[in-house]
$ cat model-v3.cif   # mmCIF, C-alpha atoms
data_work
#
loop_
_atom_site.label_atom_id
_atom_site.label_comp_id
_atom_site.auth_asym_id
_atom_site.auth_seq_id
_atom_site.Cartn_x
_atom_site.Cartn_y
_atom_site.Cartn_z
CA MET A 286 119.72 44.25 10.94
CA ARG A 287 119.87 47.42 12.98
CA LEU A 288 122.31 50.01 11.65
CA GLY A 289 122.03 52.74 14.26
CA PRO A 290 120.18 55.92 15.13
CA ALA A 291 118.39 57.71 12.30
CA ALA A 292 119.36 61.09 13.77
CA ALA A 293 123.03 60.28 13.05
CA VAL A 294 122.40 60.45 9.28
CA LYS A 295 121.59 64.05 8.34
CA ALA A 296 119.42 64.79 5.29
CA GLY A 297 121.39 64.77 2.04
CA THR A 298 124.33 62.83 3.51
CA GLY A 299 125.63 59.33 3.99
CA GLN A 300 127.28 57.54 6.86
CA ARG A 301 129.51 54.50 7.16
CA VAL A 302 128.26 51.76 9.48
CA ASP A 303 129.97 48.49 10.45
CA VAL A 304 127.55 45.55 10.61
CA ASN A 305 129.29 42.44 11.93
CA GLY A 306 132.48 43.28 10.02
CA THR A 307 130.73 44.39 6.83
CA GLU A 308 130.72 48.07 5.90
CA VAL A 309 127.34 49.50 4.91
CA ALA A 310 126.64 53.02 3.62
CA VAL A 311 123.37 54.54 4.85
CA PHE A 312 121.87 57.62 3.16
CA ASN A 313 119.11 60.02 4.16
CA LEU A 314 117.32 61.50 1.16
CA ASP A 315 114.83 63.95 2.66
CA GLY A 316 113.77 61.52 5.40
CA GLN A 317 113.85 58.39 3.22
CA TYR A 318 116.68 56.04 4.14
CA PHE A 319 118.63 53.83 1.73
CA ALA A 320 121.49 51.43 2.33
CA VAL A 321 124.10 50.03 -0.06
CA SER A 322 127.38 48.17 0.32
CA GLY A 323 129.85 50.54 1.91
CA THR A 324 132.80 49.88 -0.36
CA CYS A 325 133.13 50.79 -4.02
CA PRO A 326 133.59 47.72 -6.26
CA HIS A 327 136.33 49.57 -8.16
CA HIS A 328 139.01 49.79 -5.45
CA GLY A 329 137.12 49.63 -2.15
CA GLY A 330 136.60 53.36 -1.61
CA PRO A 331 134.34 54.37 1.31
CA ILE A 332 130.98 55.03 -0.35
CA GLY A 333 129.45 56.40 2.88
CA ASP A 334 131.97 59.27 2.77
CA GLY A 335 131.03 60.20 -0.79
CA ARG A 336 129.46 63.46 -1.96
CA VAL A 337 125.69 63.16 -2.36
CA SER A 338 123.86 65.02 -5.12
CA GLY A 339 120.16 64.19 -5.46
CA THR A 340 119.99 60.39 -5.55
CA THR A 341 123.62 59.98 -6.62
CA VAL A 342 126.70 59.35 -4.49
CA GLU A 343 130.22 59.84 -5.79
CA CYS A 344 132.99 57.56 -4.52
CA PRO A 345 135.56 59.86 -2.87
CA TRP A 346 138.53 57.91 -4.25
CA HIS A 347 137.96 57.80 -8.02
CA ARG A 348 134.65 59.63 -8.51
CA TRP A 349 132.61 56.66 -9.71
CA GLU A 350 128.93 57.59 -9.37
CA TYR A 351 126.14 55.35 -8.12
CA ASP A 352 122.39 55.67 -7.76
CA ILE A 353 121.72 55.40 -4.01
CA MET A 354 118.29 53.84 -4.61
CA THR A 355 119.34 51.08 -7.05
CA GLY A 356 123.09 50.69 -6.53
CA ARG A 357 123.69 51.02 -10.29
CA ARG A 358 126.48 53.12 -11.77
CA VAL A 359 125.14 56.29 -13.33
CA ASP A 360 128.28 57.62 -15.00
CA LYS A 361 129.27 54.48 -16.94
CA VAL A 362 128.56 50.78 -17.23
CA GLY A 363 130.13 48.83 -14.39
CA SER A 364 129.65 46.77 -11.28
CA PRO A 365 126.79 47.96 -9.09
CA LEU A 366 126.79 48.34 -5.33
CA GLU A 367 124.89 45.73 -3.35
CA THR A 368 121.61 47.13 -2.10
CA PHE A 369 119.55 46.30 0.95
CA GLU A 370 115.99 45.33 0.06
CA ILE A 371 114.16 47.06 2.90
CA VAL A 372 115.26 50.08 4.87
CA CYS A 373 112.91 51.26 7.58
CA VAL A 374 112.99 53.29 10.73
CA GLU A 375 111.74 51.50 13.86
CA GLY A 376 111.43 54.08 16.57
CA SER A 377 114.66 55.99 16.17
CA LEU A 378 116.73 53.12 14.71
CA ILE A 379 117.47 52.43 11.03
CA CYS A 380 116.90 48.75 10.14
CA VAL A 381 117.59 46.81 6.94
CA ASP A 382 117.21 43.35 5.53
CA PRO A 383 120.38 41.57 4.35
CA PRO A 384 121.64 42.47 0.84
CA GLN A 385 120.01 40.81 -2.14
#

$ encode --input "model-v3.cif" --output "structure tokens"
Amino acid sequence: MRLGPAAAVKAGTGQRVDVNGTEVAVFNLDGQYFAVSGTCPHHGGPIGDGRVSGTTVECPWHRWEYDIMTGRRVDKVGSPLETFEIVCVEGSLICVDPPQ
């Protein structure tokens, strides 16, 4: 699946992307791209709008923290975010495989 232009996701940030009605959060960690489900399992907060610190993103609604690389919660035990198995850049586009 193509998510959009890599240049749109600045280093150290995330972006929300709609893929056929499903929200995906794409992150740029120093030129490495990662993608997770775009809504927090807690109450559906927009993960792509969260504050990024290292490899962690904080949900802007209730501050739940997730590892961008694995989707796992880092602050407590809880439901993880879905992750996309492969994230690559083809030309200038970010592409992913469907979530696992």

$ resolve_selection --input "model-v3.cif" --expression "the PyMOL selection byres ((chain A and resi 297) around 6)" --output "PyMOL selection string"
chain A and resi 296+298+313-314

$ residues_around --input "model-v3.cif" --residues "A:Thr355" --least-positions-apart "2" --cutoff "9 Å" --atoms "all atoms listed in the file" --output "PyMOL selection string"
chain A and resi 321+351-353+357-358+365-368

$ resolve_selection --input "model-v3.cif" --expression "the PyMOL selection byres ((chain A and resi 348) around 12)" --output "PDB file with C-alpha atoms, keeping the file's coordinate frame"
ATOM      1  CA  CYS A 325     133.130  50.790  -4.020  1.00  0.00           C
ATOM      2  CA  HIS A 327     136.330  49.570  -8.160  1.00  0.00           C
ATOM      3  CA  HIS A 328     139.010  49.790  -5.450  1.00  0.00           C
ATOM      4  CA  GLY A 330     136.600  53.360  -1.610  1.00  0.00           C
ATOM      5  CA  PRO A 331     134.340  54.370   1.310  1.00  0.00           C
ATOM      6  CA  ILE A 332     130.980  55.030  -0.350  1.00  0.00           C
ATOM      7  CA  ASP A 334     131.970  59.270   2.770  1.00  0.00           C
ATOM      8  CA  GLY A 335     131.030  60.200  -0.790  1.00  0.00           C
ATOM      9  CA  ARG A 336     129.460  63.460  -1.960  1.00  0.00           C
ATOM     10  CA  VAL A 337     125.690  63.160  -2.360  1.00  0.00           C
ATOM     11  CA  THR A 341     123.620  59.980  -6.620  1.00  0.00           C
ATOM     12  CA  VAL A 342     126.700  59.350  -4.490  1.00  0.00           C
ATOM     13  CA  GLU A 343     130.220  59.840  -5.790  1.00  0.00           C
ATOM     14  CA  CYS A 344     132.990  57.560  -4.520  1.00  0.00           C
ATOM     15  CA  PRO A 345     135.560  59.860  -2.870  1.00  0.00           C
ATOM     16  CA  TRP A 346     138.530  57.910  -4.250  1.00  0.00           C
ATOM     17  CA  HIS A 347     137.960  57.800  -8.020  1.00  0.00           C
ATOM     18  CA  TRP A 349     132.610  56.660  -9.710  1.00  0.00           C
ATOM     19  CA  GLU A 350     128.930  57.590  -9.370  1.00  0.00           C
ATOM     20  CA  TYR A 351     126.140  55.350  -8.120  1.00  0.00           C
ATOM     21  CA  ARG A 358     126.480  53.120 -11.770  1.00  0.00           C
ATOM     22  CA  VAL A 359     125.140  56.290 -13.330  1.00  0.00           C
ATOM     23  CA  ASP A 360     128.280  57.620 -15.000  1.00  0.00           C
ATOM     24  CA  LYS A 361     129.270  54.480 -16.940  1.00  0.00           C
TER      25      LYS A 361
END

$ residues_around --input "model-v3.cif" --residues "A:Gly289" --least-positions-apart "4" --cutoff "8 Å" --atoms "only C-alpha atoms" --output "list in words"
Ala293, Val302, Leu378, Ile379 and Cys380 of chain A

$ closest_residue --input "model-v3.cif" --among "A:Gly299, A:Phe369, A:Asp382, A:Tyr318" --to "A:Ser338" --atoms "only C-alpha atoms"
A:Gly299

$ axis_aligned_box --input "model-v3.cif" --around "stretch 298-316 of chain A" --padding-each-side "8 Å" --output "lines of an AutoDock Vina configuration file"
center_x = 123.1
center_y = 53.2
center_z = 6.5
size_x = 34.7
size_y = 37.5
size_z = 26.8

$ resolve_selection --input "model-v3.cif" --expression "the PyMOL selection byres ((chain A and resi 311) around 6)" --output "ChimeraX atom specification"
/A:299-300,310,312,319-320

$ closest_residue --input "model-v3.cif" --among "A:Val304, A:Gly339, A:Ala292, A:Glu370" --to "A:Gly323" --atoms "all atoms listed in the file"
A:Val304

$ atom_distance --input "model-v3.cif" --atom1 "atom CA of A:Gln317" --atom2 "atom CA of A:Gly333"
15.7 Å

$ atom_distance --input "model-v3.cif" --atom1 "atom CA of A:Gly306" --atom2 "atom CA of A:Leu288"
12.3 Å

$ atom_distance --input "model-v3.cif" --atom1 "atom CA of A:Arg301" --atom2 "atom CA of A:Met354"
16.3 Å

$ build_atoms --input "model-v3.cif" --residues "stretch 332-352 of chain A" --atoms "N, CA, C and O atoms" --output "mmCIF file, in the frame of the given file"
data_model
loop_
_atom_site.group_PDB
_atom_site.id
_atom_site.type_symbol
_atom_site.label_atom_id
_atom_site.label_comp_id
_atom_site.auth_asym_id
_atom_site.auth_seq_id
_atom_site.Cartn_x
_atom_site.Cartn_y
_atom_site.Cartn_z
ATOM 1 N N ILE A 332 132.156 54.432 0.262
ATOM 2 C CA ILE A 332 130.980 55.030 -0.350
ATOM 3 C C ILE A 332 130.231 55.954 0.627
ATOM 4 O O ILE A 332 129.734 57.007 0.244
ATOM 5 N N GLY A 333 130.162 55.589 1.886
ATOM 6 C CA GLY A 333 129.450 56.400 2.880
ATOM 7 C C GLY A 333 130.058 57.776 3.089
ATOM 8 O O GLY A 333 129.401 58.674 3.605
ATOM 9 N N ASP A 334 131.309 57.970 2.664
ATOM 10 C CA ASP A 334 131.970 59.270 2.770
ATOM 11 C C ASP A 334 131.825 60.097 1.492
ATOM 12 O O ASP A 334 132.340 61.200 1.407
ATOM 13 N N GLY A 335 131.134 59.533 0.498
ATOM 14 C CA GLY A 335 131.030 60.200 -0.790
ATOM 15 C C GLY A 335 130.111 61.406 -0.782
ATOM 16 O O GLY A 335 129.246 61.557 0.081
ATOM 17 N N ARG A 336 130.294 62.261 -1.789
ATOM 18 C CA ARG A 336 129.460 63.460 -1.960
ATOM 19 C C ARG A 336 128.122 63.029 -2.555
ATOM 20 O O ARG A 336 128.060 62.307 -3.549
ATOM 21 N N VAL A 337 127.038 63.493 -1.920
ATOM 22 C CA VAL A 337 125.690 63.160 -2.360
ATOM 23 C C VAL A 337 125.115 64.334 -3.145
ATOM 24 O O VAL A 337 125.188 65.482 -2.712
ATOM 25 N N SER A 338 124.539 64.016 -4.303
ATOM 26 C CA SER A 338 123.860 65.020 -5.120
ATOM 27 C C SER A 338 122.568 64.383 -5.625
ATOM 28 O O SER A 338 122.616 63.474 -6.462
ATOM 29 N N GLY A 339 121.440 64.817 -5.099
ATOM 30 C CA GLY A 339 120.160 64.190 -5.460
ATOM 31 C C GLY A 339 120.148 62.764 -4.974
ATOM 32 O O GLY A 339 120.333 62.500 -3.791
ATOM 33 N N THR A 340 119.984 61.814 -5.911
ATOM 34 C CA THR A 340 119.990 60.390 -5.550
ATOM 35 C C THR A 340 121.302 59.712 -5.923
ATOM 36 O O THR A 340 121.390 58.487 -5.965
ATOM 37 N N THR A 341 122.327 60.513 -6.199
ATOM 38 C CA THR A 341 123.620 59.980 -6.620
ATOM 39 C C THR A 341 124.681 60.204 -5.548
ATOM 40 O O THR A 341 124.729 61.258 -4.926
ATOM 41 N N VAL A 342 125.533 59.189 -5.361
ATOM 42 C CA VAL A 342 126.700 59.350 -4.490
ATOM 43 C C VAL A 342 127.937 59.119 -5.331
ATOM 44 O O VAL A 342 127.966 58.253 -6.203
ATOM 45 N N GLU A 343 128.952 59.929 -5.059
ATOM 46 C CA GLU A 343 130.220 59.840 -5.790
ATOM 47 C C GLU A 343 131.268 59.231 -4.869
ATOM 48 O O GLU A 343 131.488 59.732 -3.767
ATOM 49 N N CYS A 344 131.916 58.153 -5.307
ATOM 50 C CA CYS A 344 132.990 57.560 -4.520
ATOM 51 C C CYS A 344 134.102 58.596 -4.339
ATOM 52 O O CYS A 344 134.554 59.194 -5.320
ATOM 53 N N PRO A 345 134.545 58.828 -3.102
ATOM 54 C CA PRO A 345 135.560 59.860 -2.870
ATOM 55 C C PRO A 345 136.940 59.521 -3.431
ATOM 56 O O PRO A 345 137.766 60.412 -3.566
ATOM 57 N N TRP A 346 137.203 58.270 -3.759
ATOM 58 C CA TRP A 346 138.530 57.910 -4.250
ATOM 59 C C TRP A 346 138.715 58.164 -5.732
ATOM 60 O O TRP A 346 139.715 58.723 -6.153
ATOM 61 N N HIS A 347 137.780 57.694 -6.568
ATOM 62 C CA HIS A 347 137.960 57.800 -8.020
ATOM 63 C C HIS A 347 136.747 58.375 -8.737
ATOM 64 O O HIS A 347 136.653 58.283 -9.957
ATOM 65 N N ARG A 348 135.808 58.908 -7.983
ATOM 66 C CA ARG A 348 134.650 59.630 -8.510
ATOM 67 C C ARG A 348 133.667 58.783 -9.307
ATOM 68 O O ARG A 348 132.906 59.317 -10.122
ATOM 69 N N TRP A 349 133.645 57.477 -9.091
ATOM 70 C CA TRP A 349 132.610 56.660 -9.710
ATOM 71 C C TRP A 349 131.293 57.057 -9.073
ATOM 72 O O TRP A 349 131.222 57.264 -7.859
ATOM 73 N N GLU A 350 130.222 57.147 -9.863
ATOM 74 C CA GLU A 350 128.930 57.590 -9.370
ATOM 75 C C GLU A 350 127.914 56.454 -9.378
ATOM 76 O O GLU A 350 127.838 55.688 -10.338
ATOM 77 N N TYR A 351 127.138 56.400 -8.295
ATOM 78 C CA TYR A 351 126.140 55.350 -8.120
ATOM 79 C C TYR A 351 124.802 55.942 -7.728
ATOM 80 O O TYR A 351 124.739 56.933 -7.000
ATOM 81 N N ASP A 352 123.729 55.299 -8.188
ATOM 82 C CA ASP A 352 122.390 55.670 -7.760
ATOM 83 C C ASP A 352 122.177 55.051 -6.375
ATOM 84 O O ASP A 352 122.301 53.835 -6.215
#
